[in-house]
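Structure record follows, encoded as structure tokens.
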2 protein chains.
Amino acid sequence: MDLTLSDIEAAKRRIDPFINETPILHSTQLNNWLGHEIFFKCENFQKIGAFKARGGLNTVAWLVEKGQKPKHIVANSSGNHAQAVAYAAKQFDIPATIFMPEYSSQVKIQATRSYGAQVVLSETRDITDELVRAAAEKEGTYWIPPFNHEQVISGQGTAAFEALQELKDIDAVFTPCGGGGLTSGTLIATKGLSPSTKVFGVEPLNANDAAESLRRGSIQRLSGIPNTLADGAMTMAVGDITFGYLKQLNGFYEVSEEQLVYWTQWLTHLLKCRLEPTCAMPMGAICEWLRTQKTKQRVLMIVSGGNVDQPTTLKIWEQDHLTHIPSIR
Amino acid sequence: MDLTLSDIEAAKRRIDPFINETPILHSTQLNNWLGHEIFFKCENFQKIGAFKARGGLNTVAWLVEKGQKPKHIVANSSGNHAQAVAYAAKQFDIPATIFMPEYSSQVKIQATRSYGAQVVLSETRDITDELVRAAAEKEGTYWIPPFNHEQVISGQGTAAFEALQELKDIDAVFTPCGGGGLTSGTLIATKGLSPSTKVFGVEPLNANDAAESLRRGSIQRLSGIPNTLADGAMTMAVGDITFGYLKQLNGFYEVSEEQLVYWTQWLTHLLKCRLEPTCAMPMGAICEWLRTQKTKQRVLMIVSGGNVDQPTTLKIWEQDHLTHIPSIR
């Protein structure tokens, strides 16, 4: 079954009591420099600091609505999905166990625990995969996957849905793409509300499995852990459900590490926000797209999250990019 | 003449068309950890990225209101005051010249120019002082000082004024103290709106001229450029007008560099905001004060600004403080 706007609307209704209606920021200075209007839907101010709260909550609320409230929820993640599931389970008083690799950032482990979830650490990602699979077999246990799930996708789509109800006449929407949950949800919400608005996905050039998959027409897997600061887009492969939606995008961009760091510094500076390199990345694509446009464009970018640890922060700020003013000329 | 609440109200009315009503953020997690409620009035989201826009605008608007619109505005500053005066002058179409030391951060020089001001760079702060004094002697020229001026103080007080109209039953307000403009304005606004609310000033221990001045009962000057990351509080001495108000504070705190960096990391992480070390600093004082309190307190902190350059960012994140959870036990 293909998801439609009504699935996004249902998700929005379900999760509304538990989430923040996040602000839409803009920078007058940036708009002057680029000669276009860019709007930032700031999911870094979402519960748990990332859009992932939406998909987690929608999945749990949907189960409860169907009368299938689980006795136990499990998930495996090294990142924001761990916190999202822990937070969602807590809102419905359901015990949760999250399997995380022990190299996950301390800040994210801490936060996941602070939402009341039991955190099980193990040496590799492969072990967490095995453990969550085994745990999910117990009766009454529900395993919430990070992206390849219709209710997760519908939840993620509510960010663009909110933004496009507030902003009119948006010409294009750009989202970062990891497993494709946010990108798919954004596509469904946007095409439902405003069919002529273009939707683009963006990946790091160094972790471009989705771009490769779209070029070859079948899902491609990264051959090893990619070397990118955009840790939210390091997913090894998209899912079969999300791939179906990614094929309907108006285009897909790959952004270099230099561009990604450049925009992390500049958006931090201009918006006064803490944001992950993953979510500054689409600005590289937006500039590339704007260079091909002859008239003034109104662009929406989903700022996906703001959970950054200290080692990543140091890498982001290693060199000074603030000396070089943004321009698309 | 002593300033009163009506001066703050007049300032608020004057500057309202030109400023942002900045958001008040809080962190549920932080409040749980500390067992108290802390509210952050986020002036990092103010025009020019700092509260200084308020004082600059109020001074220019007050001159215009009196029928004394200057032909030319001048100021000397290495920091946010430069941008504030440039921004304020631009709103009233008045040409501005800002004298800045050439070691000022590129980002701040750039921003000051982007508001249309002429920027004159010179080798030392002393030379900028001489140049601004000479420039101010020309007929029709008005020199806006950074803090020791009643209209600047009244403007800065509007941040606390806004916050205390939105929040009720605040027990204490904490502000960073450089030259004392923000602290004085906050004191006047707070005592006017809510006489029983306590007001505290906070300084870096490494630049504690105001604390020393209060201890000795007369204005003390720092003997050399202080070694602190809180560059917004590096002022060499407070002014005679601001000192009169600082003496009326309920207390004054001095915060170590370690505490100041610790809280810059944690507030960045919890609030997902870009903020200057100067404005994270009061959290060190708030924790010290909360340790002496027996009942649950509601505290307002003014987050003064978010303009941080790349070298300072690297210094802030040199070590990882996010592994050590905030606690007042």
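Simple scheme: letters A, B, ... for chains in structure tokens order, numbers from 1 for residues in each chain, numbers from 1 for ligands in the order shown.
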
Kindly assemble as a tab-separated table a list of the stretch 227-307 of chain B residues that lie within 9 Å of stretch 251-269 of chain A, each paired with its nearest atom pair and their distance in Å to one decimal, using only C-alpha atoms, sorted first by chain and then by ascending residue number.
residue	atom	partner	partner_atom	distance
B:Cys273	CA	A:Thr268	CA	8.4
B:Arg274	CA	A:Thr268	CA	6.6
B:Gly306	CA	A:His269	CA	7.9
B:Asn307	CA	A:His269	CA	7.1

Store the residues picked out above in a file with all heavy atoms, as a PDB file, in the first residue's frame.
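The file below, result-v9.pdb, is the result:
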ATOM      1  N   CYS B 273      21.623  25.486  21.167  1.00  0.00           N
ATOM      2  CA  CYS B 273      21.885  26.875  20.797  1.00  0.00           C
ATOM      3  C   CYS B 273      23.367  27.112  20.628  1.00  0.00           C
ATOM      4  O   CYS B 273      24.175  26.507  21.322  1.00  0.00           O
ATOM      5  CB  CYS B 273      21.506  27.789  21.951  1.00  0.00           C
ATOM      6  SG  CYS B 273      19.847  28.303  21.926  1.00  0.00           S
ATOM      7  N   ARG B 274      23.691  28.053  19.750  1.00  0.00           N
ATOM      8  CA  ARG B 274      25.018  28.605  19.699  1.00  0.00           C
ATOM      9  C   ARG B 274      25.092  29.700  20.750  1.00  0.00           C
ATOM     10  O   ARG B 274      24.272  30.638  20.696  1.00  0.00           O
ATOM     11  CB  ARG B 274      25.231  29.196  18.314  1.00  0.00           C
ATOM     12  CG  ARG B 274      26.545  29.894  18.108  1.00  0.00           C
ATOM     13  CD  ARG B 274      27.632  28.908  17.925  1.00  0.00           C
ATOM     14  NE  ARG B 274      28.773  29.434  17.220  1.00  0.00           N
ATOM     15  CZ  ARG B 274      29.930  28.793  17.188  1.00  0.00           C
ATOM     16  NH1 ARG B 274      30.085  27.629  17.816  1.00  0.00           N
ATOM     17  NH2 ARG B 274      30.944  29.291  16.513  1.00  0.00           N
ATOM     18  N   GLY B 306      25.338  35.092  20.907  1.00  0.00           N
ATOM     19  CA  GLY B 306      25.780  33.860  20.260  1.00  0.00           C
ATOM     20  C   GLY B 306      26.828  34.068  19.178  1.00  0.00           C
ATOM     21  O   GLY B 306      26.931  33.259  18.258  1.00  0.00           O
ATOM     22  N   ASN B 307      27.610  35.135  19.289  1.00  0.00           N
ATOM     23  CA  ASN B 307      28.633  35.375  18.272  1.00  0.00           C
ATOM     24  C   ASN B 307      29.979  34.808  18.714  1.00  0.00           C
ATOM     25  O   ASN B 307      30.675  35.400  19.532  1.00  0.00           O
ATOM     26  CB  ASN B 307      28.740  36.871  17.975  1.00  0.00           C
ATOM     27  CG  ASN B 307      27.469  37.392  17.327  1.00  0.00           C
ATOM     28  OD1 ASN B 307      26.860  36.710  16.503  1.00  0.00           O
ATOM     29  ND2 ASN B 307      27.044  38.590  17.701  1.00  0.00           N
TER      30      ASN B 307
END

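Any residue of chain A with an atom no more than 7 Å from chain B counts as a contact; using only C-alpha atoms, that gives Asn44, Phe45, Gln106, Val107, Thr268, Lys272, Cys273, Arg274, Gly306, Gln310, Thr313, Leu314, Trp317, Asp320, Leu322 and Thr323 of chain A.
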
Test item: residues at most 10 Å from A:Thr292, only C-alpha atoms, excluding those fewer than 4 positions along its chain, as a PDB file with N, CA and C atoms, in the first residue's frame:
ATOM      1  N   CYS A 287      22.555  25.144  -2.884  1.00  0.00           N
ATOM      2  CA  CYS A 287      23.343  26.111  -3.669  1.00  0.00           C
ATOM      3  C   CYS A 287      23.565  25.605  -5.091  1.00  0.00           C
ATOM      4  N   GLU A 288      23.846  24.314  -5.218  1.00  0.00           N
ATOM      5  CA  GLU A 288      24.046  23.740  -6.554  1.00  0.00           C
ATOM      6  C   GLU A 288      22.769  23.902  -7.387  1.00  0.00           C
ATOM      7  N   ILE A 328      26.541  32.120  -4.447  1.00  0.00           N
ATOM      8  CA  ILE A 328      26.263  31.112  -5.478  1.00  0.00           C
ATOM      9  C   ILE A 328      26.722  31.616  -6.838  1.00  0.00           C
TER      10      ILE A 328
END

TODO: Go through B:Gly67, B:Met281, B:Ala211, B:Val74 one by one, measure the shortest atom-to-atom distance of each to B:Glu137 using only C-alpha atoms, and give the residue with the smallest value.
DONE: B:Val74

Can you provide chain B as a CSV table (one decimal) with C-alpha atoms, in the first residue's frame, superposed onto chain A by least squares across all C-alpha atoms matched in order?
chain,number,residue,atom,x,y,z
B,1,MET,CA,0.0,0.0,0.0
B,2,ASP,CA,1.3,3.4,-0.9
B,3,LEU,CA,1.3,6.0,1.8
B,4,THR,CA,-0.6,9.2,1.1
B,5,LEU,CA,-1.2,12.6,2.8
B,6,SER,CA,-3.9,11.1,5.0
B,7,ASP,CA,-1.3,8.8,6.6
B,8,ILE,CA,0.8,11.9,7.4
B,9,GLU,CA,-2.3,13.7,8.8
B,10,ALA,CA,-3.1,10.7,11.0
B,11,ALA,CA,0.5,10.6,12.3
B,12,LYS,CA,0.4,14.3,13.0
B,13,ARG,CA,-2.8,13.9,15.0
B,14,ARG,CA,-1.3,10.9,17.0
B,15,ILE,CA,2.0,12.5,17.9
B,16,ASP,CA,0.8,16.1,18.5
B,17,PRO,CA,0.5,15.8,22.3
B,18,PHE,CA,4.1,14.6,22.6
B,19,ILE,CA,6.2,16.6,20.2
B,20,ASN,CA,7.3,20.2,19.8
B,21,GLU,CA,5.9,22.3,16.9
B,22,THR,CA,9.5,23.3,16.0
B,23,PRO,CA,10.3,26.8,14.8
B,24,ILE,CA,11.0,27.8,11.2
B,25,LEU,CA,14.1,30.1,11.1
B,26,HIS,CA,15.6,32.1,8.4
B,27,SER,CA,18.7,34.4,8.0
B,28,THR,CA,18.1,37.7,6.3
B,29,GLN,CA,21.9,38.0,5.7
B,30,LEU,CA,22.0,34.6,4.0
B,31,ASN,CA,19.0,35.4,1.9
B,32,ASN,CA,20.7,38.6,0.8
B,33,TRP,CA,23.9,36.9,-0.1
B,34,LEU,CA,22.2,34.1,-2.1
B,35,GLY,CA,19.4,36.2,-3.6
B,36,HIS,CA,16.8,33.6,-2.7
B,37,GLU,CA,14.7,32.7,0.3
B,38,ILE,CA,15.7,29.7,2.4
B,39,PHE,CA,13.5,28.5,5.4
B,40,PHE,CA,14.8,26.1,8.0
B,41,LYS,CA,12.4,23.8,9.8
B,42,CYS,CA,14.5,23.3,13.0
B,43,GLU,CA,14.1,19.7,14.2
B,44,ASN,CA,17.1,20.2,16.4
B,45,PHE,CA,14.6,21.8,18.7
B,46,GLN,CA,12.4,18.7,18.6
B,47,LYS,CA,12.1,16.4,21.6
B,48,ILE,CA,15.3,14.3,21.9
B,49,GLY,CA,17.0,16.9,19.6
B,50,ALA,CA,16.0,15.3,16.3
B,51,PHE,CA,13.1,14.6,14.0
B,52,LYS,CA,13.4,10.9,14.9
B,53,ALA,CA,11.1,11.5,17.8
B,54,ARG,CA,8.2,11.8,15.3
B,55,GLY,CA,8.6,8.4,13.7
B,56,GLY,CA,9.2,6.6,17.0
B,57,LEU,CA,6.1,8.2,18.6
B,58,ASN,CA,3.9,7.6,15.6
B,59,THR,CA,4.7,3.9,15.5
B,60,VAL,CA,4.0,3.4,19.2
B,61,ALA,CA,0.8,5.5,19.1
B,62,TRP,CA,-0.4,3.6,16.1
B,63,LEU,CA,0.1,0.2,17.9
B,64,VAL,CA,-1.8,1.6,20.9
B,65,GLU,CA,-4.6,2.9,18.7
B,66,LYS,CA,-5.0,-0.5,17.0
B,67,GLY,CA,-5.3,-2.1,20.5
B,68,GLN,CA,-1.9,-3.8,20.1
B,69,LYS,CA,0.0,-2.0,22.8
B,70,PRO,CA,3.2,-4.0,23.2
B,71,LYS,CA,4.5,-5.3,26.5
B,72,HIS,CA,8.0,-4.4,25.5
B,73,ILE,CA,9.7,-2.4,22.8
B,74,VAL,CA,13.1,-3.0,21.4
B,75,ALA,CA,15.4,-1.2,18.9
B,76,ASN,CA,19.0,-1.1,17.8
B,77,SER,CA,20.8,2.1,17.1
B,78,SER,CA,23.9,4.1,17.8
B,79,GLY,CA,22.2,7.4,17.3
B,80,ASN,CA,19.1,9.4,17.5
B,81,HIS,CA,16.7,6.5,16.8
B,82,ALA,CA,17.8,5.0,20.2
B,83,GLN,CA,16.7,8.1,22.0
B,84,ALA,CA,13.5,8.4,19.9
B,85,VAL,CA,12.3,4.9,20.7
B,86,ALA,CA,13.2,5.3,24.4
B,87,TYR,CA,11.3,8.6,24.5
B,88,ALA,CA,8.3,7.2,22.7
B,89,ALA,CA,8.1,4.1,24.9
B,90,LYS,CA,8.2,6.2,28.0
B,91,GLN,CA,5.3,8.4,26.9
B,92,PHE,CA,3.1,5.2,26.8
B,93,ASP,CA,4.7,3.6,29.9
B,94,ILE,CA,6.0,0.7,27.9
B,95,PRO,CA,9.4,-0.8,29.0
B,96,ALA,CA,12.1,-0.5,26.3
B,97,THR,CA,15.4,-2.1,25.7
B,98,ILE,CA,17.8,-0.4,23.3
B,99,PHE,CA,20.8,-2.3,21.9
B,100,MET,CA,23.7,0.0,21.2
B,101,PRO,CA,27.3,-0.5,20.1
B,102,GLU,CA,29.6,0.4,22.9
B,103,TYR,CA,31.4,3.0,20.7
B,104,SER,CA,28.2,5.1,20.6
B,105,SER,CA,28.7,8.6,21.9
B,106,GLN,CA,28.4,8.8,25.7
B,107,VAL,CA,26.0,11.7,25.4
B,108,LYS,CA,23.5,9.5,23.4
B,109,ILE,CA,23.9,6.5,25.7
B,110,GLN,CA,23.2,8.8,28.7
B,111,ALA,CA,20.2,10.4,27.0
B,112,THR,CA,18.7,7.1,26.1
B,113,ARG,CA,19.0,5.9,29.7
B,114,SER,CA,17.6,9.2,31.0
B,115,TYR,CA,14.3,8.4,29.1
B,116,GLY,CA,14.1,5.2,31.2
B,117,ALA,CA,15.1,2.7,28.7
B,118,GLN,CA,17.4,-0.2,29.5
B,119,VAL,CA,20.6,0.1,27.3
B,120,VAL,CA,22.5,-3.0,26.4
B,121,LEU,CA,26.0,-2.2,25.0
B,122,SER,CA,27.9,-4.6,22.9
B,123,GLU,CA,31.2,-4.6,21.0
B,124,THR,CA,30.0,-4.4,17.4
B,125,ARG,CA,26.9,-3.3,15.4
B,126,ASP,CA,26.5,-6.9,14.2
B,127,ILE,CA,26.1,-8.2,17.7
B,128,THR,CA,23.4,-5.6,18.5
B,129,ASP,CA,21.6,-6.7,15.3
B,130,GLU,CA,21.6,-10.3,16.5
B,131,LEU,CA,20.6,-9.3,20.0
B,132,VAL,CA,17.6,-7.2,18.9
B,133,ARG,CA,16.5,-9.9,16.5
B,134,ALA,CA,16.5,-12.5,19.3
B,135,ALA,CA,14.8,-10.1,21.7
B,136,ALA,CA,12.0,-9.3,19.2
B,137,GLU,CA,11.0,-12.9,19.1
B,138,LYS,CA,9.6,-12.9,22.6
B,139,GLU,CA,5.8,-12.6,22.8
B,140,GLY,CA,4.4,-9.1,23.2
B,141,THR,CA,7.7,-7.5,22.1
B,142,TYR,CA,7.7,-5.0,19.2
B,143,TRP,CA,10.9,-4.0,17.3
B,144,ILE,CA,10.8,-0.5,15.9
B,145,PRO,CA,13.2,-0.3,12.9
B,146,PRO,CA,14.9,3.1,12.1
B,147,PHE,CA,13.4,3.8,8.7
B,148,ASN,CA,12.0,0.9,6.7
B,149,HIS,CA,8.5,1.0,8.3
B,150,GLU,CA,5.4,2.8,7.1
B,151,GLN,CA,4.5,4.3,10.4
B,152,VAL,CA,8.1,5.5,11.0
B,153,ILE,CA,8.0,7.1,7.5
B,154,SER,CA,4.6,8.7,8.2
B,155,GLY,CA,5.8,10.2,11.4
B,156,GLN,CA,8.9,11.7,9.9
B,157,GLY,CA,6.8,13.3,7.2
B,158,THR,CA,5.0,15.4,9.8
B,159,ALA,CA,8.0,17.9,10.0
B,160,ALA,CA,7.6,18.9,6.3
B,161,PHE,CA,3.8,18.8,6.8
B,162,GLU,CA,3.9,21.3,9.6
B,163,ALA,CA,6.3,23.6,7.7
B,164,LEU,CA,4.3,23.6,4.5
B,165,GLN,CA,1.1,24.5,6.3
B,166,GLU,CA,2.9,27.5,7.7
B,167,LEU,CA,4.8,28.5,4.5
B,168,LYS,CA,3.1,29.1,1.2
B,169,ASP,CA,4.5,28.9,-2.3
B,170,ILE,CA,7.6,26.8,-1.5
B,171,ASP,CA,9.4,25.9,-4.8
B,172,ALA,CA,11.6,23.1,-3.4
B,173,VAL,CA,12.2,21.0,-0.3
B,174,PHE,CA,15.6,19.5,0.5
B,175,THR,CA,16.2,16.8,3.2
B,176,PRO,CA,19.2,14.8,4.2
B,177,CYS,CA,18.9,11.1,3.3
B,178,GLY,CA,20.3,8.3,5.5
B,179,GLY,CA,18.0,5.2,5.4
B,180,GLY,CA,15.4,7.3,3.6
B,181,GLY,CA,12.7,7.6,6.3
B,182,LEU,CA,12.7,11.4,6.5
B,183,THR,CA,13.1,11.8,2.7
B,184,SER,CA,10.2,9.5,2.0
B,185,GLY,CA,7.9,11.1,4.6
B,186,THR,CA,8.8,14.5,3.3
B,187,LEU,CA,8.0,13.5,-0.3
B,188,ILE,CA,4.6,12.1,0.7
B,189,ALA,CA,3.7,15.2,2.7
B,190,THR,CA,4.9,17.7,0.1
B,191,LYS,CA,3.4,16.1,-2.9
B,192,GLY,CA,0.1,15.7,-1.0
B,193,LEU,CA,0.0,19.4,0.1
B,194,SER,CA,1.6,21.0,-2.9
B,195,PRO,CA,2.1,18.8,-5.9
B,196,SER,CA,4.2,21.2,-7.9
B,197,THR,CA,6.8,21.7,-5.2
B,198,LYS,CA,10.0,19.8,-6.0
B,199,VAL,CA,11.5,17.4,-3.4
B,200,PHE,CA,15.2,16.5,-3.3
B,201,GLY,CA,17.3,14.1,-1.3
B,202,VAL,CA,20.9,14.8,-0.2
B,203,GLU,CA,23.6,12.4,0.8
B,204,PRO,CA,27.3,12.7,1.6
B,205,LEU,CA,29.4,11.9,-1.4
B,206,ASN,CA,31.4,9.6,0.9
B,207,ALA,CA,28.3,7.6,1.9
B,208,ASN,CA,26.4,7.7,-1.4
B,209,ASP,CA,24.6,4.3,-1.4
B,210,ALA,CA,21.2,5.9,-2.1
B,211,ALA,CA,22.6,7.9,-5.1
B,212,GLU,CA,24.3,4.7,-6.4
B,213,SER,CA,21.1,2.8,-5.9
B,214,LEU,CA,19.1,5.3,-7.8
B,215,ARG,CA,21.7,5.3,-10.6
B,216,ARG,CA,21.7,1.5,-10.9
B,217,GLY,CA,17.9,1.0,-10.2
B,218,SER,CA,18.5,-1.4,-7.4
B,219,ILE,CA,19.5,-1.1,-3.7
B,220,GLN,CA,23.3,-0.8,-3.3
B,221,ARG,CA,25.1,-1.4,0.0
B,222,LEU,CA,28.2,0.6,1.2
B,223,SER,CA,31.2,-1.7,1.2
B,224,GLY,CA,32.5,-0.5,4.6
B,225,ILE,CA,32.0,2.1,7.3
B,226,PRO,CA,32.0,5.4,5.3
B,227,ASN,CA,34.4,8.2,6.2
B,228,THR,CA,32.0,11.1,6.7
B,229,LEU,CA,31.2,13.6,9.4
B,230,ALA,CA,27.5,13.3,8.5
B,231,ASP,CA,26.9,10.4,10.9
B,232,GLY,CA,23.2,10.6,10.5
B,233,ALA,CA,23.5,9.6,6.9
B,234,MET,CA,26.0,6.7,7.4
B,235,THR,CA,23.3,4.0,6.9
B,236,MET,CA,24.7,1.2,4.9
B,237,ALA,CA,21.7,0.8,2.6
B,238,VAL,CA,18.2,2.2,2.2
B,239,GLY,CA,15.2,-0.1,2.7
B,240,ASP,CA,12.9,-1.6,0.1
B,241,ILE,CA,10.0,0.6,1.3
B,242,THR,CA,12.0,3.8,1.3
B,243,PHE,CA,13.7,3.0,-2.0
B,244,GLY,CA,10.2,2.9,-3.6
B,245,TYR,CA,9.7,6.6,-2.5
B,246,LEU,CA,13.3,7.7,-3.3
B,247,LYS,CA,12.7,6.8,-6.9
B,248,GLN,CA,9.9,9.4,-7.1
B,249,LEU,CA,12.1,12.3,-6.0
B,250,ASN,CA,12.8,15.2,-8.3
B,251,GLY,CA,16.5,14.8,-7.9
B,252,PHE,CA,19.3,13.6,-5.6
B,253,TYR,CA,22.5,15.4,-4.7
B,254,GLU,CA,25.8,14.2,-3.3
B,255,VAL,CA,27.7,16.7,-1.1
B,256,SER,CA,31.5,16.7,-0.4
B,257,GLU,CA,32.9,16.7,3.1
B,258,GLU,CA,34.3,20.2,2.7
B,259,GLN,CA,30.9,21.6,1.7
B,260,LEU,CA,29.3,19.8,4.6
B,261,VAL,CA,31.7,21.2,7.1
B,262,TYR,CA,31.5,24.7,5.5
B,263,TRP,CA,27.7,24.8,5.9
B,264,THR,CA,27.7,23.3,9.4
B,265,GLN,CA,29.9,26.3,10.5
B,266,TRP,CA,27.9,28.9,8.6
B,267,LEU,CA,24.4,27.7,9.6
B,268,THR,CA,25.6,27.4,13.2
B,269,HIS,CA,26.8,31.0,13.0
B,270,LEU,CA,23.8,32.5,11.1
B,271,LEU,CA,21.0,30.6,12.8
B,272,LYS,CA,22.7,30.5,16.3
B,273,CYS,CA,21.7,26.9,16.4
B,274,ARG,CA,23.5,23.7,17.4
B,275,LEU,CA,23.2,21.4,14.4
B,276,GLU,CA,24.5,18.1,13.1
B,277,PRO,CA,26.7,18.1,10.0
B,278,THR,CA,24.1,15.7,8.5
B,279,CYS,CA,21.5,18.4,8.6
B,280,ALA,CA,23.7,21.3,7.3
B,281,MET,CA,24.6,19.1,4.3
B,282,PRO,CA,21.6,19.9,2.2
B,283,MET,CA,22.8,23.5,1.9
B,284,GLY,CA,25.5,22.3,-0.5
B,285,ALA,CA,22.8,20.8,-2.7
B,286,ILE,CA,20.6,23.8,-2.4
B,287,CYS,CA,23.3,26.1,-3.7
B,288,GLU,CA,24.1,23.7,-6.6
B,289,TRP,CA,20.4,23.7,-7.5
B,290,LEU,CA,20.0,27.5,-7.1
B,291,ARG,CA,22.8,28.1,-9.5
B,292,THR,CA,20.6,26.5,-12.2
B,293,GLN,CA,17.6,28.7,-11.4
B,294,LYS,CA,16.8,31.9,-13.3
B,295,THR,CA,14.1,33.3,-10.9
B,296,LYS,CA,14.0,33.9,-7.2
B,297,GLN,CA,13.2,30.6,-5.3
B,298,ARG,CA,11.7,29.8,-2.0
B,299,VAL,CA,13.3,26.8,-0.5
B,300,LEU,CA,12.5,24.7,2.6
B,301,MET,CA,15.3,22.7,4.3
B,302,ILE,CA,14.6,20.2,7.1
B,303,VAL,CA,17.3,20.7,9.8
B,304,SER,CA,17.2,17.2,11.0
B,305,GLY,CA,18.9,17.3,14.4
B,306,GLY,CA,21.3,18.9,16.9
B,307,ASN,CA,23.0,16.0,18.7
B,308,VAL,CA,26.7,16.5,18.3
B,309,ASP,CA,29.4,15.1,20.6
B,310,GLN,CA,32.7,16.8,21.6
B,311,PRO,CA,35.0,14.9,19.2
B,312,THR,CA,32.8,15.7,16.2
B,313,THR,CA,32.5,19.4,17.3
B,314,LEU,CA,36.3,19.6,17.2
B,315,LYS,CA,36.4,18.1,13.7
B,316,ILE,CA,33.8,20.5,12.5
B,317,TRP,CA,35.7,23.5,13.7
B,318,GLU,CA,39.2,22.4,12.8
B,319,GLN,CA,39.6,25.0,10.1
B,320,ASP,CA,38.0,28.4,9.8
B,321,HIS,CA,35.3,28.6,7.1
B,322,LEU,CA,33.7,31.7,8.4
B,323,THR,CA,36.2,33.9,6.6
B,324,HIS,CA,34.7,32.9,3.2
B,325,ILE,CA,31.2,34.4,2.7
B,326,PRO,CA,28.5,32.1,1.1
B,327,SER,CA,27.8,32.9,-2.5
B,328,ILE,CA,26.3,31.1,-5.5
B,329,ARG,CA,28.0,33.2,-8.1

Task: All strand (DSSP E or B) positions in stretch 70-144 of chain A, as number ranges by chain - done: A: 72-76, 96-101, 118-122, 141-143

Task: alpha helix (DSSP H) call set, DSSP backbone run, stretch 52-266 of chain A, as a PyMOL selection string - done: chain A and resi 52-65+80-91+106-114+125-136+150-156+158-166+181-193+209-216+240-246+257-266
